[in-house]
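See below for input-v3.cif, which holds mmCIF, C-alpha atoms and all ligand atoms.
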```cif
data_entry
#
loop_
_atom_site.label_atom_id
_atom_site.label_comp_id
_atom_site.auth_asym_id
_atom_site.auth_seq_id
_atom_site.Cartn_x
_atom_site.Cartn_y
_atom_site.Cartn_z
CA MET A 18 137.24 -249.95 -7.73
CA LEU A 19 138.93 -250.28 -11.11
CA THR A 20 138.66 -247.46 -13.63
CA ASN A 21 137.20 -248.00 -17.10
CA ARG A 22 140.71 -247.77 -18.52
CA GLN A 23 141.92 -250.54 -16.21
CA LEU A 24 138.88 -252.69 -16.99
CA PHE A 25 139.48 -252.14 -20.72
CA LEU A 26 143.02 -253.52 -20.42
CA LEU A 27 141.85 -256.47 -18.33
CA HIS A 28 138.69 -257.56 -20.11
CA ASN A 29 138.64 -256.18 -23.65
CA ALA A 30 140.58 -258.26 -26.18
CA GLN A 31 143.65 -256.27 -27.08
CA THR A 32 144.68 -255.80 -30.70
CA SER A 33 148.08 -254.31 -29.89
CA THR A 34 150.31 -253.85 -26.87
CA SER A 35 150.04 -250.06 -27.02
CA PRO A 36 146.39 -249.00 -27.39
CA LEU A 37 145.64 -245.29 -27.58
CA MET A 38 143.40 -245.51 -24.45
CA LEU A 39 141.37 -242.41 -25.25
CA GLU A 40 138.19 -242.78 -23.17
CA VAL A 41 135.39 -241.48 -25.35
CA VAL A 42 132.27 -240.20 -23.64
CA LYS A 43 130.61 -238.33 -26.49
CA ALA A 44 130.94 -237.56 -30.17
CA GLU A 45 129.21 -234.88 -32.20
CA GLY A 46 129.82 -233.42 -35.65
CA ASN A 47 133.55 -233.27 -36.28
CA TYR A 48 134.51 -233.78 -32.61
CA LEU A 49 135.06 -236.46 -29.96
CA PHE A 50 135.04 -235.69 -26.22
CA ASP A 51 137.01 -237.67 -23.66
CA ALA A 52 136.35 -238.51 -20.01
CA ASP A 53 138.35 -235.47 -18.88
CA GLY A 54 136.14 -233.16 -20.94
CA LYS A 55 138.80 -232.59 -23.61
CA LYS A 56 137.60 -232.01 -27.18
CA TYR A 57 139.32 -233.57 -30.22
CA LEU A 58 138.86 -232.79 -33.89
CA ASP A 59 138.46 -236.16 -35.61
CA LEU A 60 140.93 -236.14 -38.49
CA ILE A 61 140.35 -239.83 -39.35
CA SER A 62 136.56 -240.29 -39.08
CA GLY A 63 137.18 -243.50 -37.18
CA ILE A 64 138.33 -244.79 -39.81
CA SER A 65 136.68 -243.28 -42.92
CA VAL A 66 133.28 -243.89 -41.32
CA SER A 67 131.85 -240.55 -40.16
CA ASN A 68 131.66 -238.88 -43.58
CA THR A 69 128.58 -236.88 -42.53
CA GLY A 70 130.05 -236.19 -39.08
CA HIS A 71 129.32 -238.01 -35.82
CA ARG A 72 125.68 -238.47 -34.85
CA HIS A 73 124.13 -236.48 -37.65
CA PRO A 74 120.68 -235.42 -36.31
CA ARG A 75 118.88 -236.77 -39.38
CA VAL A 76 120.63 -240.15 -39.07
CA LEU A 77 119.73 -240.25 -35.36
CA ALA A 78 116.08 -239.48 -36.20
CA ALA A 79 115.98 -242.27 -38.80
CA ILE A 80 117.42 -244.70 -36.24
CA GLN A 81 114.86 -243.57 -33.65
CA LYS A 82 112.00 -244.04 -36.13
CA GLN A 83 113.14 -247.57 -36.99
CA LEU A 84 113.58 -248.42 -33.27
CA GLU A 85 109.88 -247.71 -32.85
CA GLN A 86 108.96 -250.09 -35.69
CA TYR A 87 111.08 -253.25 -35.48
CA LEU A 88 114.60 -254.43 -34.72
CA HIS A 89 115.77 -257.85 -35.85
CA THR A 90 113.08 -260.14 -37.24
CA MET A 91 114.56 -262.91 -39.42
CA VAL A 92 117.87 -263.63 -41.17
CA TYR A 93 118.71 -261.46 -44.17
CA GLY A 94 116.96 -262.42 -47.39
CA GLU A 95 113.70 -263.93 -46.14
CA TYR A 96 111.32 -261.14 -45.10
CA VAL A 97 110.67 -257.97 -47.05
CA GLN A 98 111.99 -255.18 -44.82
CA SER A 99 111.56 -251.72 -46.28
CA PRO A 100 114.83 -250.22 -44.90
CA GLN A 101 116.83 -252.93 -46.73
CA THR A 102 114.76 -252.72 -49.90
CA LEU A 103 114.81 -248.93 -50.14
CA LEU A 104 118.56 -248.86 -49.48
CA ALA A 105 119.22 -251.44 -52.20
CA LYS A 106 117.08 -249.40 -54.61
CA LYS A 107 118.96 -246.22 -53.63
CA LEU A 108 122.31 -247.88 -54.38
CA HIS A 109 120.94 -249.08 -57.72
CA ASP A 110 119.90 -245.51 -58.54
CA LEU A 111 123.39 -244.25 -57.72
CA LEU A 112 125.09 -246.79 -60.00
CA PRO A 113 125.56 -246.55 -63.79
CA ASN A 114 122.99 -248.41 -65.91
CA HIS A 115 125.61 -249.85 -68.23
CA SER A 116 127.28 -252.67 -66.33
CA GLN A 117 128.39 -255.73 -68.31
CA PHE A 118 124.64 -256.48 -68.37
CA ASP A 119 123.10 -253.40 -69.92
CA GLN A 120 120.00 -252.06 -68.15
CA GLN A 121 119.96 -254.91 -65.62
CA PRO A 122 119.23 -253.87 -62.05
CA TRP A 123 121.99 -253.81 -59.44
CA ALA A 124 121.33 -255.97 -56.39
CA SER A 125 122.85 -255.51 -52.93
CA TYR A 126 123.74 -258.21 -50.44
CA PHE A 127 124.02 -256.49 -47.05
CA THR A 128 126.65 -257.49 -44.49
CA ASN A 129 127.83 -256.28 -41.10
CA SER A 130 131.32 -255.24 -42.19
CA GLY A 131 133.75 -254.70 -45.04
CA SER A 132 135.51 -258.02 -44.47
CA GLU A 133 132.20 -259.84 -44.83
CA ALA A 134 131.55 -257.94 -48.07
CA THR A 135 134.94 -259.19 -49.35
CA GLU A 136 134.18 -262.78 -48.30
CA GLY A 137 130.76 -262.67 -49.95
CA ALA A 138 132.19 -261.24 -53.16
CA MET A 139 134.85 -264.00 -53.26
CA LYS A 140 132.17 -266.67 -52.97
CA LEU A 141 129.97 -264.93 -55.55
CA ALA A 142 132.86 -264.71 -58.02
CA LYS A 143 133.57 -268.43 -57.59
CA ARG A 144 129.93 -269.31 -58.20
CA PHE A 145 129.49 -267.01 -61.20
CA THR A 146 132.70 -267.93 -63.03
CA GLY A 147 133.15 -271.53 -61.86
CA ARG A 148 136.80 -270.59 -61.18
CA HIS A 149 138.64 -270.37 -57.87
CA GLU A 150 141.73 -268.22 -58.49
CA PHE A 151 142.00 -264.60 -57.43
CA VAL A 152 144.24 -261.66 -58.18
CA SER A 153 144.85 -258.75 -55.81
CA PHE A 154 147.54 -256.10 -55.43
CA LYS A 155 150.54 -255.69 -53.19
CA ASN A 156 149.89 -253.52 -50.13
CA ALA A 157 146.13 -253.83 -50.54
CA TYR A 158 143.74 -254.24 -47.64
CA HIS A 159 140.39 -255.99 -48.00
CA GLY A 160 139.74 -257.10 -44.42
CA SER A 161 141.00 -259.33 -41.62
CA THR A 162 139.01 -262.55 -42.10
CA GLN A 163 140.79 -265.50 -43.67
CA GLY A 164 139.58 -265.07 -47.26
CA ALA A 165 140.26 -261.33 -47.15
CA LEU A 166 143.63 -261.98 -45.52
CA SER A 167 144.51 -264.32 -48.39
CA LEU A 168 144.11 -261.34 -50.71
CA MET A 169 146.74 -259.43 -48.73
CA ASP A 170 150.39 -259.93 -49.65
CA THR A 171 152.08 -258.68 -46.47
CA GLU A 172 153.77 -261.71 -44.89
CA GLU A 173 153.95 -260.08 -41.46
CA PHE A 174 150.15 -260.20 -41.20
CA LYS A 175 149.60 -263.49 -43.04
CA ASN A 176 152.25 -265.92 -41.95
CA PRO A 177 151.04 -266.63 -38.40
CA PHE A 178 147.61 -267.52 -39.75
CA ARG A 179 148.53 -270.03 -42.46
CA PRO A 180 147.16 -272.11 -44.13
CA LEU A 181 145.13 -269.51 -46.00
CA LEU A 182 143.36 -269.74 -49.37
CA PRO A 183 145.50 -271.08 -52.21
CA GLY A 184 145.43 -269.64 -55.73
CA VAL A 185 145.83 -265.94 -54.97
CA LEU A 186 148.31 -263.92 -57.05
CA HIS A 187 149.53 -260.59 -55.70
CA LEU A 188 150.55 -258.18 -58.44
CA ASP A 189 152.30 -254.81 -58.30
CA PHE A 190 149.76 -252.00 -58.02
CA ASN A 191 149.68 -249.46 -60.87
CA VAL A 192 151.98 -251.57 -63.09
CA VAL A 193 150.11 -252.29 -66.34
CA SER A 194 152.58 -254.97 -67.51
CA GLU A 195 151.71 -257.06 -64.41
CA LEU A 196 148.15 -257.46 -65.60
CA LYS A 197 149.17 -260.14 -68.11
CA ASN A 198 148.99 -262.52 -65.13
CA ILE A 199 145.19 -262.30 -65.23
CA THR A 200 144.04 -265.35 -67.19
CA LYS A 201 140.96 -267.36 -68.09
CA THR A 202 141.35 -269.19 -64.77
CA THR A 203 141.08 -265.99 -62.68
CA ALA A 204 137.68 -265.75 -61.00
CA ALA A 205 138.05 -262.14 -59.89
CA VAL A 206 140.47 -259.28 -59.43
CA PHE A 207 140.11 -257.21 -56.25
CA VAL A 208 141.31 -253.62 -56.46
CA GLU A 209 141.04 -250.38 -54.50
CA ILE A 210 140.74 -247.19 -56.54
CA VAL A 211 142.72 -245.43 -53.82
CA GLN A 212 144.85 -248.00 -51.99
CA SER A 213 143.94 -247.36 -48.40
CA GLU A 214 146.40 -248.95 -46.02
CA SER A 215 149.50 -248.26 -48.10
CA GLY A 216 148.93 -244.56 -47.37
CA TYR A 217 146.23 -243.45 -49.82
CA ILE A 218 147.83 -244.18 -53.19
CA PRO A 219 145.43 -243.43 -56.07
CA ALA A 220 145.29 -245.89 -58.96
CA ASP A 221 146.44 -244.54 -62.32
CA ILE A 222 143.68 -244.09 -64.84
CA ASP A 223 145.52 -246.12 -67.53
CA PHE A 224 146.03 -248.94 -65.06
CA VAL A 225 142.34 -249.11 -64.12
CA LYS A 226 141.23 -248.93 -67.74
CA ALA A 227 143.65 -251.70 -68.77
CA LEU A 228 142.46 -253.77 -65.82
CA ARG A 229 138.83 -253.35 -66.86
CA GLU A 230 139.63 -254.35 -70.44
CA LEU A 231 141.61 -257.43 -69.43
CA CYS A 232 138.96 -258.62 -67.01
CA THR A 233 136.33 -258.32 -69.72
CA GLU A 234 138.56 -260.17 -72.22
CA LYS A 235 139.28 -263.05 -69.80
CA GLY A 236 135.76 -263.36 -68.36
CA THR A 237 137.15 -262.36 -64.95
CA LEU A 238 135.03 -260.31 -62.56
CA LEU A 239 136.41 -256.91 -61.56
CA VAL A 240 135.71 -256.27 -57.87
CA VAL A 241 136.25 -252.66 -56.79
CA ASP A 242 136.65 -252.25 -53.04
CA GLU A 243 135.02 -248.92 -52.18
CA CYS A 244 134.97 -249.57 -48.42
CA GLN A 245 137.06 -246.44 -47.75
CA THR A 246 136.63 -244.53 -50.99
CA GLY A 247 132.83 -244.85 -51.17
CA LEU A 248 130.20 -242.37 -50.05
CA GLY A 249 131.84 -239.23 -51.26
CA ARG A 250 135.31 -239.42 -49.77
CA THR A 251 137.01 -238.68 -53.09
CA GLY A 252 134.35 -236.20 -54.24
CA SER A 253 132.03 -238.59 -56.09
CA PHE A 254 129.74 -241.17 -54.53
CA PHE A 255 131.98 -244.00 -55.80
CA ALA A 256 135.65 -243.37 -56.62
CA PHE A 257 135.46 -245.49 -59.81
CA GLU A 258 133.11 -242.91 -61.35
CA ASN A 259 136.12 -240.71 -62.16
CA TYR A 260 137.90 -243.53 -64.02
CA GLY A 261 135.31 -244.16 -66.74
CA ILE A 262 134.86 -247.83 -65.85
CA VAL A 263 132.08 -249.92 -64.34
CA PRO A 264 133.03 -252.76 -61.97
CA ASP A 265 131.27 -256.14 -61.84
CA ILE A 266 131.08 -256.20 -58.04
CA ILE A 267 131.38 -253.24 -55.65
CA LEU A 268 132.30 -253.54 -51.97
CA LEU A 269 130.94 -250.99 -49.52
CA ALA A 270 131.25 -250.60 -45.74
CA LYS A 271 132.57 -248.03 -43.27
CA ALA A 272 130.71 -244.77 -44.13
CA LEU A 273 127.71 -246.67 -45.54
CA GLY A 274 125.89 -246.97 -42.20
CA GLY A 275 126.33 -243.35 -41.10
CA GLY A 276 128.01 -244.68 -37.94
CA MET A 277 126.12 -248.00 -37.75
CA PRO A 278 127.86 -251.30 -38.66
CA MET A 279 127.03 -251.98 -42.25
CA GLY A 280 128.61 -253.35 -45.41
CA ALA A 281 127.45 -254.57 -48.78
CA PHE A 282 128.56 -256.27 -51.94
CA VAL A 283 126.68 -255.00 -54.93
CA ALA A 284 126.48 -256.62 -58.36
CA PRO A 285 124.23 -256.74 -61.42
CA LYS A 286 121.32 -259.06 -60.74
CA PRO A 287 122.39 -261.80 -63.23
CA ILE A 288 125.61 -262.18 -61.22
CA MET A 289 124.05 -261.86 -57.77
CA ASP A 290 121.31 -264.38 -58.54
CA CYS A 291 123.96 -267.16 -58.49
CA LEU A 292 123.84 -267.10 -54.71
CA SER A 293 120.17 -268.04 -54.58
CA GLN A 294 120.59 -271.60 -55.84
CA ASN A 295 122.91 -274.66 -56.06
CA PRO A 296 122.95 -274.55 -53.11
CA ALA A 297 120.12 -272.38 -51.91
CA LEU A 298 121.15 -270.76 -48.60
CA GLY A 299 124.81 -271.14 -49.60
CA HIS A 300 125.58 -267.66 -48.30
CA ILE A 301 123.50 -266.45 -45.38
CA THR A 302 123.78 -264.02 -42.48
CA THR A 303 121.67 -263.44 -39.37
CA PHE A 304 122.31 -259.75 -38.84
CA GLY A 305 123.53 -258.51 -42.24
CA GLY A 306 121.24 -255.69 -43.39
CA HIS A 307 119.92 -255.01 -39.89
CA PRO A 308 116.88 -252.73 -40.29
CA VAL A 309 118.25 -250.06 -37.95
CA CYS A 310 121.58 -249.97 -39.85
CA CYS A 311 119.77 -249.83 -43.20
CA ALA A 312 117.49 -247.01 -42.01
CA ALA A 313 120.59 -245.10 -40.87
CA ALA A 314 122.38 -245.81 -44.16
CA LEU A 315 119.45 -244.64 -46.26
CA GLU A 316 119.19 -241.33 -44.41
CA ASN A 317 122.97 -240.92 -44.40
CA ILE A 318 123.03 -241.04 -48.21
CA SER A 319 120.28 -238.41 -48.36
CA VAL A 320 122.27 -236.19 -45.99
CA LEU A 321 125.35 -236.52 -48.24
CA GLN A 322 123.23 -235.45 -51.20
CA ASP A 323 121.10 -232.74 -49.55
CA GLU A 324 124.07 -231.05 -47.87
CA ASN A 325 126.10 -231.20 -51.12
CA LEU A 326 129.01 -232.60 -49.11
CA MET A 327 130.64 -234.33 -52.08
CA GLU A 328 130.82 -231.03 -53.97
CA THR A 329 133.00 -229.52 -51.22
CA VAL A 330 135.61 -232.30 -51.26
CA SER A 331 137.90 -231.08 -54.05
CA GLU A 332 138.05 -227.53 -52.62
CA LYS A 333 138.89 -228.93 -49.19
CA GLU A 334 141.56 -231.18 -50.70
CA LYS A 335 143.08 -228.13 -52.42
CA LEU A 336 143.07 -226.19 -49.15
CA PHE A 337 144.84 -229.06 -47.34
CA ARG A 338 147.43 -229.28 -50.13
CA ASN A 339 148.02 -225.50 -50.17
CA GLU A 340 148.32 -225.25 -46.41
CA LEU A 341 150.66 -228.25 -46.30
CA ALA A 342 152.80 -227.09 -49.25
CA GLY A 343 156.37 -228.19 -48.73
CA LEU A 344 155.36 -231.53 -47.17
CA SER A 345 155.03 -234.75 -49.17
CA VAL A 346 151.25 -235.14 -49.47
CA SER A 347 149.54 -237.89 -51.48
CA GLY A 348 146.00 -239.19 -51.87
CA SER A 349 142.75 -238.09 -53.39
CA GLY A 350 139.89 -235.96 -52.06
CA LEU A 351 139.64 -236.20 -48.29
CA MET A 352 141.87 -239.30 -48.21
CA LEU A 353 145.27 -237.69 -47.80
CA SER A 354 148.57 -238.74 -46.24
CA ILE A 355 151.82 -237.02 -45.33
CA ASP A 356 155.02 -239.00 -45.79
CA LEU A 357 157.24 -238.39 -42.76
CA ASP A 358 160.06 -240.81 -43.66
CA LYS A 359 159.85 -243.00 -40.59
CA PHE A 360 157.39 -244.20 -37.98
CA GLU A 361 159.11 -242.32 -35.13
CA ASN A 362 158.52 -238.98 -36.89
CA CYS A 363 154.93 -239.87 -37.66
CA LYS A 364 154.24 -241.03 -34.08
CA ARG A 365 155.73 -237.83 -32.66
CA ILE A 366 153.35 -235.73 -34.78
CA ILE A 367 150.38 -237.93 -33.90
CA ASP A 368 151.21 -237.43 -30.21
CA THR A 369 151.63 -233.66 -30.59
CA CYS A 370 148.33 -233.45 -32.48
CA LEU A 371 146.64 -235.50 -29.75
CA ALA A 372 147.95 -233.13 -27.06
CA LYS A 373 146.55 -230.19 -29.05
CA GLY A 374 143.17 -231.87 -29.59
CA ILE A 375 143.48 -233.49 -33.02
CA LEU A 376 143.03 -237.23 -33.62
CA SER A 377 145.15 -238.73 -36.36
CA ASP A 378 146.74 -242.09 -37.14
CA TRP A 379 149.21 -243.93 -39.34
CA PHE A 380 148.55 -246.71 -41.89
CA LEU A 381 148.77 -250.49 -41.53
CA HIS A 382 151.26 -250.87 -44.40
CA ALA A 383 152.76 -247.36 -44.10
CA PRO A 384 153.52 -246.49 -40.48
CA HIS A 385 155.64 -243.55 -41.68
CA LYS A 386 152.62 -241.75 -43.14
CA LEU A 387 150.15 -239.54 -41.27
CA ARG A 388 146.48 -240.19 -42.05
CA ILE A 389 144.12 -237.33 -42.95
CA ALA A 390 140.53 -238.48 -43.54
CA PRO A 391 138.24 -236.06 -41.68
CA PRO A 392 134.45 -235.96 -41.87
CA LEU A 393 133.46 -234.31 -45.16
CA THR A 394 131.82 -231.66 -42.95
CA ILE A 395 135.20 -230.29 -41.80
CA SER A 396 135.25 -226.48 -42.26
CA PRO A 397 137.97 -224.43 -44.03
CA GLU A 398 138.82 -222.82 -40.65
CA GLU A 399 139.29 -226.26 -39.08
CA ILE A 400 141.47 -227.35 -42.01
CA LYS A 401 143.70 -224.28 -41.59
CA TRP A 402 144.01 -224.85 -37.85
CA VAL A 403 144.84 -228.58 -38.28
CA CYS A 404 147.46 -227.81 -40.94
CA GLY A 405 148.99 -225.14 -38.70
CA VAL A 406 149.36 -227.65 -35.86
CA ILE A 407 150.85 -230.28 -38.19
CA LEU A 408 153.33 -227.82 -39.70
CA GLU A 409 154.35 -226.59 -36.26
CA SER A 410 154.97 -230.17 -35.06
CA VAL A 411 156.90 -231.13 -38.19
N1 LIG B 1 138.41 -252.92 -47.46
C1 LIG B 1 139.03 -251.75 -47.20
C2 LIG B 1 139.56 -250.93 -48.33
C3 LIG B 1 139.17 -251.32 -45.88
O1 LIG B 1 139.80 -250.16 -45.63
C4 LIG B 1 138.65 -252.11 -44.84
C5 LIG B 1 138.78 -251.69 -43.39
N2 LIG B 1 139.88 -250.92 -43.06
C6 LIG B 1 138.01 -253.31 -45.15
C7 LIG B 1 137.90 -253.68 -46.48
C8 LIG B 1 137.47 -254.21 -44.08
O2 LIG B 1 136.40 -253.62 -43.42
P1 LIG B 1 135.98 -254.06 -41.95
O3 LIG B 1 137.01 -253.57 -41.01
O4 LIG B 1 134.64 -253.39 -41.75
O5 LIG B 1 135.86 -255.53 -41.95
#
```
Structure translated into structure tokens:
Amino acid sequence: MLTNRQLFLLHNAQTSTSPLMLEVVKAEGNYLFDADGKKYLDLISGISVSNTGHRHPRVLAAIQKQLEQYLHTMVYGEYVQSPQTLLAKKLHDLLPNHSQFDQQPWASYFTNSGSEATEGAMKLAKRFTGRHEFVSFKNAYHGSTQGALSLMDTEEFKNPFRPLLPGVLHLDFNVVSELKNITKTTAAVFVEIVQSESGYIPADIDFVKALRELCTEKGTLLVVDECQTGLGRTGSFFAFENYGIVPDIILLAKALGGGMPMGAFVAPKPIMDCLSQNPALGHITTFGGHPVCCAAALENISVLQDENLMETVSEKEKLFRNELAGLSVSGSGLMLSIDLDKFENCKRIIDTCLAKGILSDWFLHAPHKLRIAPPLTISPEEIKWVCGVILESV
């Protein structure tokens, strides 16, 4: 009889020729457990998802409660389903009340993933502005689907999949002078407040402010991708809160569902309402906003708030930085990276960490950097232990 590992290689679509092959049998809190009974501290939250830890008991209870009521009933946007409605209201409450439309409610369109949130936001920006050109930044990541891939500049990932969407300009990140390329024909600019897959590079405050001003001046929508930064990872619910700007569209995913597959694009109602007509049903999804995922998401946000997890982030960041003093650390909050010069060095440390029971990773556009994005529930003792292991392996 074949083992699960052998079956995985035979029957699961492979995304690389060297999968990690860790056979997970259980996850709880900050830890994963493999088929041999070995315990691993999850330093990447798989990836930037388990902000409240794996299988938080309150999230599990919310899922259980929803399981007893209803699962799927009808495509998103037709029936009133309280988990979706209460989650959308919760996101509205968390957002500033001074978007480009003062005092207008924020509305959420729920999706199954971050890529779908990107795709939806691209369509929404086209409909709202009547334009079809986009601007994004070099080394960004907004998803793997074809619209999202068009926003990426890295030829290695794009070229085999051409033709992609025309009319996308890729500008240098954090370079204010580049922003002059945003014009009255740009539908939207997509930006990450902390660039994720280039190795957690925070945006400069002047850059983000200039971007906001230019978008307003040109009638271009500013789309902030909070798929990795959202839900407390940088110490505030949304990372843009620390930059004194308000986006026109916000992308959420990853940590939103508390471990369930869930994404959203969120915009002021006057923008979002474009999708309801000309054509009606022009953007629809069967499973987006699944009631079980929404129930989990709603409880997950309450856990973040009730356990004051966001308040602990900056202290934990400081502890990581102190313990890793001497290494080249960048990032913001609990999105940190260590520059190790080349992939071989990084891989060696990932392997040593794995042997010692710590799960880490590199970055899509920065294979020479080690990824640190643990659950926000990681303890100071765990941080010290992890840093000790990393320092020893370096
Ligand atoms: N945006 C960002 C910033 C991301 O990090 C990701 C996923 N790594 C996505 C979008 C796409 O999300 P998903 O994988 O859920 O499609």
Test item: residues no farther than 7 Å from ligand LIG 1 (chain B), counting only C-alpha atoms and all ligand atoms, as an MDAnalysis selection string: chainID A and resid 130:133 135 158:161 209 213:214 242:245 270:271
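When CA of Met169 in chain A is paired with CA of Asn156 in chain A, their separation reads 6.8 Å.
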Quick one: residues within 10 Å of Ile366 in chain A, only C-alpha atoms, excluding same-chain residues fewer than 4 positions away - as a PyMOL selection string? chain A and resi 357+360-362+370-372+377-378+387+406-411
For Asn68 in chain A, find every residue with an atom within 10 Å (counting all atoms listed in the file), except residues of its own chain fewer than 5 positions away, and show them as an MDAnalysis selection string. chainID A and resid 46:47 61:63 73 247:250 271:273 275:276 317 321 326:327 351 390:395
In terms of the shortest atom-to-atom distance over only C-alpha atoms, which of A:Met352, A:Val76, A:Val403, A:Leu228 is closest to Thr369 in chain A? A:Val403
Residues within 9 Å of Lys201 in chain A, only C-alpha atoms, excluding chain neighbours under 6 positions, as a PyMOL selection string: chain A and resi 148+234-237
Residue with smallest distance to Leu186 in chain A - pool A:Thr200, A:Asn29, A:Gln163, A:Thr146, counting all atoms listed in the file: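 So, comparing all the options, the nearest one is A:Thr200.
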Could you name the residues that touch Phe282 in chain A at 12 Å or less, counting all atoms listed in the file, but leaving out those on the same chain fewer than 4 positions away, as a ChimeraX atom specification? /A:105,108-109,123-142,240-244,264-270,273,286,288-289,305-306
Nearest to Leu168 in chain A among A:Leu196, A:Gly54, A:Phe255, A:Phe207, with distances taken over all atoms listed in the file: which residue is it?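 Distance minimum relative to Leu168 in chain A lands on A:Phe207.
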Spatial neighbours of Asn198 in chain A, max dist 10 Å, all atoms listed in the file, sep filter under 6 positions, as a list in words: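 With the cut-off at 10 Å, the set is Val152, Leu186, His187, Leu188 and Leu231 of chain A.
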Work out how far apart CA of Leu298 in chain A and CA of Met91 in chain A are and give it in Å to one decimal. 13.8 Å
Using all atoms listed in the file: which of A:Cys363, A:Cys232, A:Ala220, A:Ile80 has the shortest distance to Ile199 in chain A: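 Looking at the shortest contact to Ile199 in chain A, the residue is A:Cys232.
Remark: for Gly147 in chain A, the closest of the candidate residues A:Asp221, A:Asn21, A:Lys82, A:Ala205 is A:Ala205 (distances computed over all atoms listed in the file).
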Centre, edges in Å (one decimal): axis-aligned box, range 242-250 of chain A, 5 Å padding on all six sides, as AutoDock Vina command-line options:
```
--center_x 133.6 --center_y -245.7 --center_z -50.4 --size_x 16.9 --size_y 23.0 --size_z 15.3
```
Can range 346-362 of chain A be brought up to N, CA and C atoms and written out as a PDB file, keeping the file's coordinate frame?
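Once written, rebuild-v8.pdb looks like this:
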```pdb
ATOM      1  N   VAL A 346     152.654-234.750 -49.662  1.00  0.00           N
ATOM      2  CA  VAL A 346     151.250-235.140 -49.470  1.00  0.00           C
ATOM      3  C   VAL A 346     150.801-235.996 -50.650  1.00  0.00           C
ATOM      4  N   SER A 347     150.135-237.132 -50.374  1.00  0.00           N
ATOM      5  CA  SER A 347     149.540-237.890 -51.480  1.00  0.00           C
ATOM      6  C   SER A 347     148.099-238.220 -51.140  1.00  0.00           C
ATOM      7  N   GLY A 348     147.386-238.809 -52.105  1.00  0.00           N
ATOM      8  CA  GLY A 348     146.000-239.190 -51.870  1.00  0.00           C
ATOM      9  C   GLY A 348     145.054-238.564 -52.846  1.00  0.00           C
ATOM     10  N   SER A 349     143.781-238.601 -52.504  1.00  0.00           N
ATOM     11  CA  SER A 349     142.750-238.090 -53.390  1.00  0.00           C
ATOM     12  C   SER A 349     141.570-237.636 -52.536  1.00  0.00           C
ATOM     13  N   GLY A 350     141.031-236.468 -52.824  1.00  0.00           N
ATOM     14  CA  GLY A 350     139.890-235.960 -52.060  1.00  0.00           C
ATOM     15  C   GLY A 350     140.244-235.809 -50.594  1.00  0.00           C
ATOM     16  N   LEU A 351     139.350-236.280 -49.727  1.00  0.00           N
ATOM     17  CA  LEU A 351     139.640-236.200 -48.290  1.00  0.00           C
ATOM     18  C   LEU A 351     140.184-237.536 -47.785  1.00  0.00           C
ATOM     19  N   MET A 352     141.048-238.151 -48.606  1.00  0.00           N
ATOM     20  CA  MET A 352     141.870-239.300 -48.210  1.00  0.00           C
ATOM     21  C   MET A 352     143.296-238.873 -48.510  1.00  0.00           C
ATOM     22  N   LEU A 353     143.939-238.231 -47.550  1.00  0.00           N
ATOM     23  CA  LEU A 353     145.270-237.690 -47.800  1.00  0.00           C
ATOM     24  C   LEU A 353     146.258-238.266 -46.788  1.00  0.00           C
ATOM     25  N   SER A 354     147.540-238.271 -47.177  1.00  0.00           N
ATOM     26  CA  SER A 354     148.570-238.740 -46.240  1.00  0.00           C
ATOM     27  C   SER A 354     149.799-237.858 -46.389  1.00  0.00           C
ATOM     28  N   ILE A 355     150.541-237.765 -45.303  1.00  0.00           N
ATOM     29  CA  ILE A 355     151.820-237.020 -45.330  1.00  0.00           C
ATOM     30  C   ILE A 355     152.925-238.019 -45.047  1.00  0.00           C
ATOM     31  N   ASP A 356     153.892-238.087 -45.964  1.00  0.00           N
ATOM     32  CA  ASP A 356     155.020-239.000 -45.790  1.00  0.00           C
ATOM     33  C   ASP A 356     156.050-238.346 -44.870  1.00  0.00           C
ATOM     34  N   LEU A 357     156.316-238.973 -43.749  1.00  0.00           N
ATOM     35  CA  LEU A 357     157.240-238.390 -42.760  1.00  0.00           C
ATOM     36  C   LEU A 357     158.511-239.219 -42.590  1.00  0.00           C
ATOM     37  N   ASP A 358     158.808-240.034 -43.600  1.00  0.00           N
ATOM     38  CA  ASP A 358     160.060-240.810 -43.660  1.00  0.00           C
ATOM     39  C   ASP A 358     160.120-242.022 -42.752  1.00  0.00           C
ATOM     40  N   LYS A 359     159.831-241.819 -41.460  1.00  0.00           N
ATOM     41  CA  LYS A 359     159.850-243.000 -40.590  1.00  0.00           C
ATOM     42  C   LYS A 359     158.775-242.920 -39.507  1.00  0.00           C
ATOM     43  N   PHE A 360     158.472-244.097 -38.949  1.00  0.00           N
ATOM     44  CA  PHE A 360     157.390-244.200 -37.980  1.00  0.00           C
ATOM     45  C   PHE A 360     157.595-243.254 -36.790  1.00  0.00           C
ATOM     46  N   GLU A 361     158.834-243.147 -36.315  1.00  0.00           N
ATOM     47  CA  GLU A 361     159.110-242.320 -35.130  1.00  0.00           C
ATOM     48  C   GLU A 361     158.670-240.872 -35.364  1.00  0.00           C
ATOM     49  N   ASN A 362     158.943-240.348 -36.568  1.00  0.00           N
ATOM     50  CA  ASN A 362     158.520-238.980 -36.890  1.00  0.00           C
ATOM     51  C   ASN A 362     156.999-238.869 -36.890  1.00  0.00           C
TER      52      ASN A 362
END
```
